[in-house]
file input.txt (compact mmCIF, C-alpha atoms)
# COMPACT_ATOMS: atom_id res chain seq x y z
CA MET I 1 5.77 -63.14 10.83
CA SER I 2 8.93 -62.22 9.08
CA ILE I 3 9.23 -59.92 6.06
CA ASN I 4 11.93 -59.91 3.50
CA ARG I 5 13.94 -56.91 2.41
CA ARG I 6 11.69 -56.12 -0.57
CA GLN I 7 8.50 -56.07 1.48
CA PHE I 8 10.17 -53.90 4.11
CA LEU I 9 11.22 -51.31 1.57
CA LYS I 10 7.73 -51.17 0.05
CA LEU I 11 6.19 -50.69 3.46
CA ALA I 12 8.70 -48.00 4.37
CA GLY I 13 8.09 -46.15 1.13
CA VAL I 14 4.32 -46.13 1.48
CA SER I 15 4.40 -45.06 5.10
CA THR I 16 6.79 -42.21 4.28
CA VAL I 17 4.42 -40.88 1.64
CA LEU I 18 1.37 -41.20 3.86
CA GLY I 19 3.14 -40.17 7.03
CA ILE I 20 5.38 -37.20 7.65
CA GLY I 21 6.16 -36.56 4.02
CA GLY I 22 2.56 -37.09 2.95
CA PRO I 23 1.12 -33.57 2.86
CA ALA I 24 4.20 -32.17 1.14
CA VAL I 25 4.18 -34.88 -1.53
CA LEU I 26 0.45 -34.53 -2.17
CA ASN I 27 0.71 -30.74 -2.40
CA GLY I 28 3.56 -31.12 -4.86
CA MET I 29 1.45 -33.42 -7.00
CA GLY I 30 -1.66 -31.22 -6.85
CA GLY I 31 0.25 -28.08 -7.70
CA LYS I 32 -0.29 -24.85 -5.84
CA ILE I 33 -2.61 -22.58 -7.79
CA LEU I 34 -1.21 -19.48 -6.19
CA GLU I 35 2.36 -20.18 -7.19
CA ALA I 36 1.38 -21.19 -10.67
CA THR I 37 -0.40 -17.91 -11.31
CA GLN I 38 1.31 -14.85 -12.66
CA THR I 39 1.27 -11.12 -12.27
CA HIS I 40 2.37 -8.40 -14.64
CA PRO I 41 2.20 -4.63 -14.90
CA ASP I 42 -0.66 -2.88 -16.62
CA PRO I 43 0.26 -2.48 -20.31
CA LYS I 44 -0.91 1.14 -20.07
CA SER I 45 1.63 1.95 -17.34
CA LEU I 46 4.31 4.58 -17.94
CA ALA I 47 7.92 3.43 -17.76
CA ALA I 48 11.17 5.32 -17.35
CA LYS I 49 14.68 4.87 -16.08
CA ARG I 50 14.52 7.78 -13.69
CA TRP I 51 11.44 9.92 -13.32
CA GLY I 52 11.97 13.57 -12.50
CA PHE I 53 10.33 16.97 -12.46
CA VAL I 54 11.07 20.46 -13.65
CA VAL I 55 9.22 23.14 -11.71
CA ASP I 56 9.06 26.43 -13.57
CA VAL I 57 8.53 28.92 -10.78
CA SER I 58 7.83 31.78 -13.16
CA LYS I 59 4.59 30.06 -14.13
CA LEU I 60 3.37 29.93 -10.54
CA ASN I 61 2.38 33.46 -9.63
CA THR I 62 -0.83 33.63 -7.65
CA PRO I 63 -1.61 31.70 -4.46
CA GLU I 64 -4.30 29.92 -6.47
CA ASP I 65 -1.67 28.52 -8.85
CA TYR I 66 -0.01 26.80 -5.91
CA GLN I 67 -3.23 25.78 -4.24
CA LYS I 68 -4.48 24.07 -7.39
CA CYS I 69 -1.47 21.73 -7.41
CA ILE I 70 -1.63 21.15 -3.67
CA ASP I 71 -5.35 20.37 -3.72
CA ALA I 72 -5.03 18.11 -6.74
CA CYS I 73 -2.55 15.97 -4.81
CA HIS I 74 -4.03 16.09 -1.34
CA ASP I 75 -7.58 15.40 -2.50
CA ILE I 76 -6.89 12.22 -4.42
CA HIS I 77 -4.45 10.86 -1.84
CA ASN I 78 -6.66 11.37 1.21
CA VAL I 79 -4.14 13.63 2.88
CA PRO I 80 -5.68 14.92 6.12
CA ASP I 81 -5.93 18.60 6.93
CA ILE I 82 -5.27 18.59 10.65
CA GLY I 83 -5.01 22.32 11.00
CA ASN I 84 -1.90 22.78 13.14
CA THR I 85 1.72 22.71 12.04
CA LYS I 86 2.82 20.25 14.71
CA ASP I 87 0.61 17.41 13.47
CA GLU I 88 0.54 18.59 9.86
CA VAL I 89 0.65 15.99 7.10
CA LYS I 90 1.77 17.22 3.71
CA TRP I 91 2.80 15.68 0.42
CA ILE I 92 3.24 18.91 -1.50
CA TRP I 93 3.50 22.41 -0.07
CA LYS I 94 5.00 25.83 -0.63
CA ASP I 95 7.67 27.80 1.16
CA ASN I 96 9.88 30.84 0.67
CA TYR I 97 13.32 31.10 -0.93
CA GLU I 98 15.27 31.04 2.30
CA ARG I 99 13.69 27.79 3.44
CA THR I 100 13.70 26.20 0.02
CA PHE I 101 17.36 26.87 -0.72
CA PRO I 102 18.80 27.43 2.76
CA THR I 103 22.36 26.60 1.74
CA SER I 104 22.52 28.87 -1.28
CA THR I 105 24.71 31.94 -0.97
CA GLU I 106 23.13 34.69 1.00
CA ASP I 107 22.96 38.08 -0.55
CA GLU I 108 21.38 41.21 0.84
CA TYR I 109 21.09 42.72 -2.63
CA MET I 110 19.30 39.70 -4.02
CA ASN I 111 16.32 40.16 -6.30
CA LYS I 112 13.53 41.10 -3.93
CA GLU I 113 10.87 39.31 -5.90
CA MET I 114 12.83 36.08 -5.78
CA LYS I 115 13.52 36.46 -2.08
CA GLU I 116 9.85 36.82 -1.28
CA ARG I 117 8.34 34.42 -3.71
CA ASN I 118 7.09 30.94 -2.83
CA PHE I 119 8.37 27.67 -4.22
CA LEU I 120 6.44 24.47 -4.71
CA LEU I 121 8.02 21.68 -2.70
CA PHE I 122 7.49 17.95 -2.63
CA CYS I 123 9.55 14.78 -2.31
CA ASN I 124 12.68 15.06 -4.46
CA HIS I 125 12.76 11.34 -5.22
CA CYS I 126 16.54 11.55 -4.88
CA ALA I 127 18.78 9.24 -6.85
CA GLN I 128 20.69 8.57 -3.63
CA PRO I 129 17.92 8.85 -1.08
CA ALA I 130 19.01 9.22 2.53
CA CYS I 131 15.63 8.03 3.79
CA VAL I 132 16.00 4.69 2.01
CA ARG I 133 19.42 4.11 3.55
CA VAL I 134 18.18 4.54 7.10
CA CYS I 135 14.87 2.68 6.91
CA PRO I 136 15.23 -0.41 9.11
CA THR I 137 12.34 -2.33 7.53
CA LYS I 138 12.80 -1.34 3.90
CA ALA I 139 9.36 0.23 4.07
CA THR I 140 10.76 3.03 1.98
CA PHE I 141 12.68 1.92 -1.06
CA LYS I 142 13.82 3.04 -4.47
CA ARG I 143 11.92 1.63 -7.41
CA LYS I 144 13.65 0.81 -10.67
CA ASP I 145 12.03 3.82 -12.32
CA GLY I 146 13.37 6.23 -9.70
CA VAL I 147 10.31 6.58 -7.50
CA VAL I 148 11.16 6.67 -3.81
CA MET I 149 8.26 4.57 -2.66
CA GLN I 150 6.71 4.26 0.77
CA ASP I 151 5.20 0.91 1.70
CA MET I 152 2.74 1.79 4.46
CA HIS I 153 2.25 -1.89 5.25
CA ARG I 154 5.83 -2.19 6.43
CA CYS I 155 6.31 1.18 8.10
CA ILE I 156 6.82 0.80 11.84
CA GLY I 157 6.80 4.54 12.49
CA CYS I 158 10.38 4.85 13.75
CA ARG I 159 10.77 8.18 11.92
CA PHE I 160 14.43 7.58 11.00
CA CYS I 161 13.53 8.62 7.47
CA MET I 162 12.15 11.91 8.70
CA ALA I 163 15.40 12.62 10.47
CA ALA I 164 17.38 11.60 7.40
CA CYS I 165 15.44 13.52 4.77
CA PRO I 166 17.13 16.89 4.24
CA PHE I 167 14.04 18.32 2.54
CA GLY I 168 11.35 17.81 5.15
CA ALA I 169 9.31 15.86 2.65
CA ARG I 170 7.99 13.36 5.16
CA SER I 171 5.16 13.63 7.63
CA PHE I 172 4.28 11.46 10.58
CA ASN I 173 0.73 10.54 11.50
CA TYR I 174 0.72 11.60 15.11
CA ARG I 175 -3.04 11.22 15.10
CA ASP I 176 -5.57 9.05 13.36
CA PRO I 177 -5.89 10.89 10.03
CA ARG I 178 -9.36 9.59 9.14
CA PRO I 179 -11.45 12.25 10.93
CA PHE I 180 -9.44 15.03 9.25
CA ILE I 181 -10.05 13.95 5.68
CA LYS I 182 -12.70 16.22 4.28
CA LYS I 183 -13.72 14.10 1.33
CA GLU I 184 -12.45 10.56 1.00
CA ASN I 185 -11.27 9.28 -2.35
CA LYS I 186 -12.65 5.76 -2.28
CA GLN I 187 -10.17 4.60 -4.89
CA PHE I 188 -7.16 5.26 -2.65
CA PRO I 189 -6.40 4.16 0.91
CA THR I 190 -5.89 6.48 3.85
CA ARG I 191 -3.09 6.01 6.32
CA MET I 192 -3.32 5.05 9.98
CA ILE I 193 -1.86 6.53 13.14
CA GLY I 194 1.85 5.85 13.53
CA VAL I 195 3.10 5.66 9.97
CA VAL I 196 5.19 8.07 7.92
CA GLU I 197 3.87 9.26 4.60
CA LYS I 198 5.02 11.40 1.71
CA CYS I 199 4.64 12.04 -2.00
CA THR I 200 4.76 8.74 -3.89
CA MET I 201 5.04 10.35 -7.33
CA CYS I 202 1.47 9.19 -8.00
CA TYR I 203 2.67 5.61 -8.52
CA GLU I 204 -0.99 4.57 -8.73
CA ARG I 205 -1.51 6.98 -11.63
CA LEU I 206 1.73 6.05 -13.42
CA ALA I 207 0.56 2.44 -13.25
CA VAL I 208 -2.48 3.23 -15.37
CA GLY I 209 -0.74 5.60 -17.75
CA GLN I 210 -1.51 8.95 -16.14
CA MET I 211 0.83 11.82 -15.22
CA PRO I 212 1.25 12.81 -11.58
CA ALA I 213 -1.72 14.83 -10.38
CA CYS I 214 0.30 17.96 -9.54
CA ALA I 215 1.87 18.07 -13.02
CA GLU I 216 -1.53 17.68 -14.59
CA ALA I 217 -3.09 20.45 -12.50
CA SER I 218 -0.14 22.85 -12.77
CA ASN I 219 -0.94 24.24 -16.20
CA GLY I 220 2.57 23.53 -17.45
CA ALA I 221 4.45 24.80 -14.42
CA ILE I 222 5.43 21.27 -13.41
CA VAL I 223 6.88 19.16 -16.19
CA PHE I 224 7.25 15.45 -15.61
CA GLY I 225 9.49 13.09 -17.52
CA ASP I 226 12.42 10.71 -17.73
CA LEU I 227 15.70 12.33 -16.66
CA GLU I 228 17.74 9.61 -18.33
CA ASP I 229 16.09 10.07 -21.69
CA PRO I 230 17.96 12.85 -23.57
CA ASN I 231 14.92 13.53 -25.74
CA SER I 232 12.47 13.97 -22.89
CA GLU I 233 10.88 17.33 -22.22
CA VAL I 234 12.46 17.64 -18.80
CA ARG I 235 15.95 17.10 -20.22
CA LYS I 236 15.38 19.68 -22.94
CA ILE I 237 14.36 22.29 -20.37
CA ILE I 238 17.29 21.45 -18.10
CA GLU I 239 19.69 21.78 -21.02
CA SER I 240 18.26 25.04 -22.31
CA LYS I 241 17.55 26.92 -19.07
CA TYR I 242 19.38 27.57 -15.83
CA THR I 243 17.98 25.30 -13.16
CA ILE I 244 18.82 24.73 -9.52
CA ARG I 245 18.12 21.90 -7.13
CA ARG I 246 17.61 21.94 -3.40
CA LYS I 247 20.75 21.30 -1.33
CA PRO I 248 22.72 19.60 -4.13
CA GLU I 249 25.87 19.66 -1.98
CA LEU I 250 24.44 16.85 0.18
CA GLY I 251 24.88 14.46 -2.72
CA THR I 252 21.42 12.93 -2.63
CA GLN I 253 20.88 13.91 -6.29
CA PRO I 254 17.36 15.36 -6.09
CA SER I 255 15.15 14.75 -9.09
CA ILE I 256 13.31 18.08 -8.96
CA TYR I 257 14.85 20.91 -10.97
CA TYR I 258 13.68 24.48 -10.39
CA VAL I 259 13.66 26.99 -13.20
CA ILE I 260 13.89 30.30 -11.38
CA GLY I 261 14.37 32.65 -14.30
CA GLY I 262 12.29 35.83 -14.29
CA LYS I 263 9.22 36.35 -16.37
CA GLU I 264 9.58 35.77 -20.06
CA MET S 1 -5.89 -44.15 53.34
CA LYS S 2 -8.37 -46.95 52.86
CA ASN S 3 -10.61 -44.68 50.76
CA ALA S 4 -7.80 -43.39 48.56
CA GLY S 5 -9.35 -44.85 45.42
CA LYS S 6 -12.69 -43.17 46.02
CA ILE S 7 -11.07 -39.83 46.84
CA VAL S 8 -8.98 -39.90 43.69
CA ILE S 9 -12.04 -40.68 41.59
CA GLY S 10 -14.03 -37.94 43.33
CA VAL S 11 -11.29 -35.38 42.75
CA ALA S 12 -11.04 -36.45 39.12
CA ILE S 13 -14.79 -36.01 38.61
CA ALA S 14 -14.75 -32.60 40.27
CA PHE S 15 -11.77 -31.58 38.12
CA VAL S 16 -13.47 -32.64 34.91
CA ALA S 17 -16.71 -30.97 35.98
CA VAL S 18 -15.01 -27.64 36.65
CA PHE S 19 -12.83 -27.57 33.57
CA ALA S 20 -15.51 -28.82 31.21
CA PHE S 21 -17.84 -26.08 32.44
CA PRO S 22 -17.50 -23.94 29.28
CA PHE S 23 -18.52 -26.90 27.14
CA TYR S 24 -21.77 -27.84 28.85
CA TYR S 25 -22.55 -24.22 29.66
CA ASN S 26 -22.58 -23.48 25.93
CA LEU S 27 -24.19 -26.77 25.01
CA GLY S 28 -27.09 -26.30 22.63
CA LYS S 29 -26.45 -22.62 22.05
CA ALA S 30 -23.44 -22.96 19.85
CA ASN S 31 -22.79 -20.03 17.59
CA ALA S 32 -24.53 -20.30 14.27
CA LYS S 33 -22.20 -20.85 11.36
CA PRO S 34 -21.52 -17.56 9.60
CA GLU S 35 -23.74 -17.13 6.58
CA LEU S 36 -22.06 -14.96 3.97
CA LYS S 37 -24.13 -12.89 1.63
CA PHE S 38 -23.38 -12.69 -2.05
CA ASP S 39 -26.21 -10.42 -3.07
CA THR S 40 -24.48 -7.12 -3.83
CA PRO S 41 -25.58 -5.31 -7.01
CA VAL S 42 -22.29 -6.03 -8.79
CA ILE S 43 -22.39 -9.73 -7.98
CA LEU S 44 -26.03 -10.03 -9.04
CA GLN S 45 -25.23 -8.26 -12.26
CA TRP S 46 -22.35 -10.66 -12.87
CA GLU S 47 -24.64 -13.60 -12.21
CA LYS S 48 -27.12 -12.25 -14.72
CA GLU S 49 -24.47 -11.91 -17.39
CA HIS S 50 -22.46 -15.05 -16.75
CA GLY S 51 -25.11 -17.40 -15.40
CA LYS S 52 -23.24 -18.09 -12.16
CA LYS S 53 -21.62 -16.46 -9.19
CA GLU S 54 -17.85 -16.80 -9.31
CA CYS S 55 -14.83 -15.20 -7.77
CA ILE S 56 -11.45 -14.78 -9.42
CA GLU S 57 -10.44 -18.24 -8.22
CA PRO S 58 -12.54 -21.25 -7.09
CA LYS S 59 -14.50 -20.73 -3.91
CA ALA S 60 -12.61 -23.32 -1.86
CA PHE S 61 -9.31 -21.73 -2.79
CA MET S 62 -10.48 -18.23 -1.97
CA ARG S 63 -11.86 -19.37 1.36
CA ALA S 64 -8.63 -21.03 2.39
CA GLU S 65 -6.02 -18.85 0.75
CA HIS S 66 -7.36 -15.31 0.40
CA MET S 67 -5.08 -13.99 3.12
CA GLN S 68 -1.94 -15.32 1.47
CA MET S 69 -3.23 -14.07 -1.84
CA LEU S 70 -3.82 -10.58 -0.47
CA ASN S 71 -0.34 -10.54 1.00
CA GLN S 72 1.14 -11.50 -2.35
CA TRP S 73 -0.96 -8.91 -4.12
CA ARG S 74 0.15 -6.25 -1.68
CA ASP S 75 3.84 -6.95 -2.31
CA SER S 76 3.30 -7.30 -6.01
CA VAL S 77 1.51 -3.97 -6.36
CA VAL S 78 3.40 -1.83 -3.87
CA ARG S 79 6.88 -3.21 -4.31
CA ASN S 80 7.00 -4.48 -7.90
CA GLY S 81 4.40 -2.26 -9.53
CA ASP S 82 2.60 -5.26 -11.04
CA ARG S 83 -1.12 -4.60 -10.93
CA ILE S 84 -2.61 -7.31 -13.13
CA TYR S 85 -3.33 -10.77 -11.79
CA VAL S 86 -3.72 -13.68 -14.17
CA ASN S 87 -5.94 -16.33 -12.60
CA SER S 88 -5.85 -20.10 -13.03
CA GLU S 89 -8.03 -19.82 -16.13
CA GLY S 90 -5.88 -17.14 -17.73
CA LYS S 91 -8.30 -14.26 -17.06
CA GLU S 92 -6.87 -10.93 -15.93
CA PHE S 93 -7.93 -8.91 -12.91
CA ILE S 94 -6.76 -5.72 -11.19
CA MET S 95 -4.99 -6.48 -7.93
CA SER S 96 -6.67 -4.02 -5.65
CA LEU S 97 -8.52 -4.47 -2.40
CA GLN S 98 -10.52 -1.27 -2.69
CA ASN S 99 -11.08 -1.23 -6.43
CA GLY S 100 -11.11 -4.98 -7.04
CA CYS S 101 -12.34 -7.13 -4.15
CA LEU S 102 -14.60 -4.55 -2.54
CA ASN S 103 -16.08 -3.57 -5.85
CA CYS S 104 -17.97 -6.87 -5.93
CA HIS S 105 -18.00 -7.56 -2.21
CA SER S 106 -19.31 -4.16 -1.26
CA ASN S 107 -20.94 -5.67 1.83
CA LYS S 108 -18.05 -5.83 4.26
CA LYS S 109 -20.36 -6.34 7.25
CA ASP S 110 -22.08 -9.35 5.70
CA PHE S 111 -18.97 -10.72 4.06
CA CYS S 112 -15.52 -10.01 5.55
CA ASP S 113 -16.68 -9.31 9.09
CA LYS S 114 -18.94 -12.36 9.37
CA CYS S 115 -16.14 -14.91 9.33
CA HIS S 116 -13.49 -12.71 10.89
CA ASN S 117 -15.71 -12.05 13.90
CA TYR S 118 -16.76 -15.69 14.13
CA ILE S 119 -13.21 -16.96 14.41
CA GLY S 120 -11.96 -13.89 16.26
CA VAL S 121 -9.35 -12.54 13.87
CA LYS S 122 -8.81 -8.83 13.45
CA PRO S 123 -7.07 -8.10 10.16
CA TYR S 124 -5.96 -4.46 10.00
CA CYS S 125 -6.71 -3.99 6.28
CA PHE S 126 -9.43 -1.52 6.98
CA SER S 127 -7.50 0.79 9.26
CA CYS S 128 -6.22 2.26 5.99
CA HIS S 129 -8.23 0.80 3.13
CA ILE S 130 -11.63 2.37 2.86
CA ALA S 131 -14.59 0.00 2.90
CA PRO S 132 -17.69 0.95 0.93
CA LYS S 133 -20.42 2.75 2.84
CA GLU S 134 -23.08 0.45 4.25
CA LYS S 135 -26.22 0.89 6.30
CA GLU S 136 -25.66 0.70 10.03
CA SER S 137 -26.96 -2.64 11.24
call {"tool": "encode", "arguments": {"input": "input.txt", "output": "structure tokens"}}
result
Amino acid sequence: MSINRRQFLKLAGVSTVLGIGGPAVLNGMGGKILEATQTHPDPKSLAAKRWGFVVDVSKLNTPEDYQKCIDACHDIHNVPDIGNTKDEVKWIWKDNYERTFPTSTEDEYMNKEMKERNFLLFCNHCAQPACVRVCPTKATFKRKDGVVMQDMHRCIGCRFCMAACPFGARSFNYRDPRPFIKKENKQFPTRMIGVVEKCTMCYERLAVGQMPACAEASNGAIVFGDLEDPNSEVRKIIESKYTIRRKPELGTQPSIYYVIGGKE
Amino acid sequence: MKNAGKIVIGVAIAFVAVFAFPFYYNLGKANAKPELKFDTPVILQWEKEHGKKECIEPKAFMRAEHMQMLNQWRDSVVRNGDRIYVNSEGKEFIMSLQNGCLNCHSNKKDFCDKCHNYIGVKPYCFSCHIAPKEKES
């Protein structure tokens, strides 16, 4: 049996469709539901060009003032309380002047109250974050709104970011954190052994239109807002009061401003 | 070597017998197909209100593609900050394993685990994401 050119081409075309190219062609015709679907942010979500904080230290006076902010954060984010400093996991904590501003000029005559007082510390969400530069898997990255985000799914636990962060804002899960969480928040995941975690600027709250938990619990001591918006509350405070940032000389451009003025 | 043919056949039979052992050993006691349960309070409530049980996408799609979908959701939420999923019918849903999926499917043991155990996959979702509390079975 001999076939002419036309029949051969028909046969070749049909067998290509049904053969190797078949599945791809059929999928293309059927359309993939997943690729056709869309995602978008919650319309309630808060947006900014660069989120930042102003911490007014003069409004944090008693240990309870600090603890309220710390608990508000650690409770909703399932941060474990392991009980020793070696394995400690912290998103927000307090420390003294010397360890908060270690590179500021030393002065033996410095205001005693300032020297002994505590400061509220958490991730600075730097504009030029060192942790993001060193992360080999891009597990930590800078969002468009300034949040230095930590993607726990990608973290391989190399701890480069912990070495890079000049502010000690990152903690490593040396142990399984689950048994050390007193009361689980079922709305938020925990972490697992072997990943690095830190303050995520309550990205899950910003996404539904809420302020970060620490700012909400601080009774006005922590003000949250857009640093690139000249009319925002944070900008007004920064313009009207003297503020300092932690280790500004490193050039990471921290986004937390401390108002350290005395009592008003 | 006059019996070479017989020897070869004998060896072949022995070979097949040994290597097919798992098949006839398990003959007749094959694992039962996993039966998923869709009887959680939230699903029953949905059925009452809408007249049928339905997921965010058709059942066949969810069965085949939920892992890819969860991966896309993960990247969308964590990396892009998009939290709303628009399904093939235009309805909107929150992209969240803990607050979305597990809200309806609050029976991880009778739902997720059934198939995953049957086919021997161990997704690590739940080393971080908290599954709803269930009775020990």
call {"tool": "closest_residue", "arguments": {"input": "input.txt", "among": "I:Ile222, I:Cys123, I:Leu46, I:Ala12", "to": "chain S", "atoms": "all atoms listed in the file"}}
result
I:Leu46
call {"tool": "atom_distance", "arguments": {"input": "input.txt", "atom1": "CA of Glu54 in chain S", "atom2": "CA of Met95 in chain S"}}
result
16.5 Å
call {"tool": "interface_residues", "arguments": {"input": "input.txt", "of": "chain I", "to": "chain S", "cutoff": "9 Å", "atoms": "all atoms listed in the file", "output": "PyMOL selection string"}}
result
chain I and resi 33-34+36-42+141+143-144+149-151+153+178+184-193+203-204+207
call {"tool": "atom_distance", "arguments": {"input": "input.txt", "atom1": "CA of Ser106 in chain S", "atom2": "CA of Lys53 in chain S"}}
result
14.8 Å
call {"tool": "closest_residue", "arguments": {"input": "input.txt", "among": "I:Gly194, I:Cys202, I:Gly209, I:Lys94", "to": "Glu64 in chain I", "atoms": "all atoms listed in the file"}}
result
I:Lys94
call {"tool": "residues_around", "arguments": {"input": "input.txt", "residues": "Glu98 in chain I", "least_positions_apart": "6", "cutoff": "12 Å", "atoms": "all atoms listed in the file", "output": "list in words"}}
result
Ser104, Thr105, Glu106, Asp107, Glu108, Met110, Lys112, Met114, Lys115, Glu116, Arg117, Asn118, Phe119, Arg246 and Lys247 of chain I
call {"tool": "atom_distance", "arguments": {"input": "input.txt", "atom1": "CA of Ala48 in chain I", "atom2": "CA of Asp145 in chain I"}}
result
5.3 Å
call {"tool": "residues_around", "arguments": {"input": "input.txt", "residues": "range 43-47 of chain S", "least_positions_apart": "5", "cutoff": "8 Å", "atoms": "only C-alpha atoms", "output": "VMD selection string"}}
result
chain S and resid 38 52 to 53 104 to 105
call {"tool": "residues_around", "arguments": {"input": "input.txt", "residues": "Pro34 in chain S", "least_positions_apart": "5", "cutoff": "10 Å", "atoms": "all atoms listed in the file", "output": "MDAnalysis selection string"}}
result
chainID S and resid 110:111 113:119
call {"tool": "residues_around", "arguments": {"input": "input.txt", "residues": "Cys131 in chain I", "least_positions_apart": "3", "cutoff": "7 Å", "atoms": "all atoms listed in the file", "output": "VMD selection string"}}
result
chain I and resid 134 to 135 161 164 to 165
call {"tool": "write_last_selection", "arguments": {"input": "input.txt", "atoms": "C-alpha atoms", "output": "CSV table (one decimal), in the frame of the given file"}}
result
chain,number,residue,atom,x,y,z
I,134,VAL,CA,18.2,4.5,7.1
I,135,CYS,CA,14.9,2.7,6.9
I,161,CYS,CA,13.5,8.6,7.5
I,164,ALA,CA,17.4,11.6,7.4
I,165,CYS,CA,15.4,13.5,4.8
call {"tool": "residues_around", "arguments": {"input": "input.txt", "residues": "range 65-80 of chain I", "least_positions_apart": "6", "cutoff": "6 Å", "atoms": "only C-alpha atoms", "output": "count of residues only"}}
result
11
call {"tool": "closest_residue", "arguments": {"input": "input.txt", "among": "I:Gly168, I:Gly225, I:Gly13, I:Gly83", "to": "Cys199 in chain I", "atoms": "only C-alpha atoms"}}
result
I:Gly168
call {"tool": "build_atoms", "arguments": {"input": "input.txt", "residues": "range 41-55 of chain S", "atoms": "N, CA and C atoms", "output": "mmCIF file, in the coordinates of the input"}}
result
data_model
loop_
_atom_site.group_PDB
_atom_site.id
_atom_site.type_symbol
_atom_site.label_atom_id
_atom_site.label_comp_id
_atom_site.auth_asym_id
_atom_site.auth_seq_id
_atom_site.Cartn_x
_atom_site.Cartn_y
_atom_site.Cartn_z
ATOM 1 N N PRO S 41 -25.172 -5.618 -5.630
ATOM 2 C CA PRO S 41 -25.580 -5.310 -7.010
ATOM 3 C C PRO S 41 -24.586 -5.823 -8.046
ATOM 4 N N VAL S 42 -23.280 -5.633 -7.782
ATOM 5 C CA VAL S 42 -22.290 -6.030 -8.790
ATOM 6 C C VAL S 42 -22.273 -7.545 -8.967
ATOM 7 N N ILE S 43 -22.399 -8.273 -7.870
ATOM 8 C CA ILE S 43 -22.390 -9.730 -7.980
ATOM 9 C C ILE S 43 -23.637 -10.222 -8.700
ATOM 10 N N LEU S 44 -24.796 -9.618 -8.370
ATOM 11 C CA LEU S 44 -26.030 -10.030 -9.040
ATOM 12 C C LEU S 44 -25.964 -9.751 -10.530
ATOM 13 N N GLN S 45 -25.378 -8.619 -10.854
ATOM 14 C CA GLN S 45 -25.230 -8.260 -12.260
ATOM 15 C C GLN S 45 -24.348 -9.281 -12.979
ATOM 16 N N TRP S 46 -23.255 -9.656 -12.307
ATOM 17 C CA TRP S 46 -22.350 -10.660 -12.870
ATOM 18 C C TRP S 46 -23.081 -11.979 -13.097
ATOM 19 N N GLU S 47 -23.901 -12.348 -12.104
ATOM 20 C CA GLU S 47 -24.640 -13.600 -12.210
ATOM 21 C C GLU S 47 -25.587 -13.572 -13.402
ATOM 22 N N LYS S 48 -26.200 -12.392 -13.605
ATOM 23 C CA LYS S 48 -27.120 -12.250 -14.720
ATOM 24 C C LYS S 48 -26.399 -12.449 -16.044
ATOM 25 N N GLU S 49 -25.196 -11.880 -16.126
ATOM 26 C CA GLU S 49 -24.470 -11.910 -17.390
ATOM 27 C C GLU S 49 -23.768 -13.238 -17.639
ATOM 28 N N HIS S 50 -23.285 -13.858 -16.573
ATOM 29 C CA HIS S 50 -22.460 -15.050 -16.750
ATOM 30 C C HIS S 50 -23.166 -16.336 -16.328
ATOM 31 N N GLY S 51 -24.353 -16.220 -15.755
ATOM 32 C CA GLY S 51 -25.110 -17.400 -15.400
ATOM 33 C C GLY S 51 -24.696 -18.046 -14.091
ATOM 34 N N LYS S 52 -23.636 -17.526 -13.452
ATOM 35 C CA LYS S 52 -23.240 -18.090 -12.160
ATOM 36 C C LYS S 52 -22.468 -17.066 -11.362
ATOM 37 N N LYS S 53 -22.429 -17.317 -10.040
ATOM 38 C CA LYS S 53 -21.620 -16.460 -9.190
ATOM 39 C C LYS S 53 -20.223 -17.063 -9.107
ATOM 40 N N GLU S 54 -19.208 -16.264 -9.411
ATOM 41 C CA GLU S 54 -17.850 -16.800 -9.310
ATOM 42 C C GLU S 54 -16.893 -15.701 -8.887
ATOM 43 N N CYS S 55 -15.869 -16.136 -8.169
ATOM 44 C CA CYS S 55 -14.830 -15.200 -7.770
ATOM 45 C C CYS S 55 -13.667 -15.360 -8.752
#
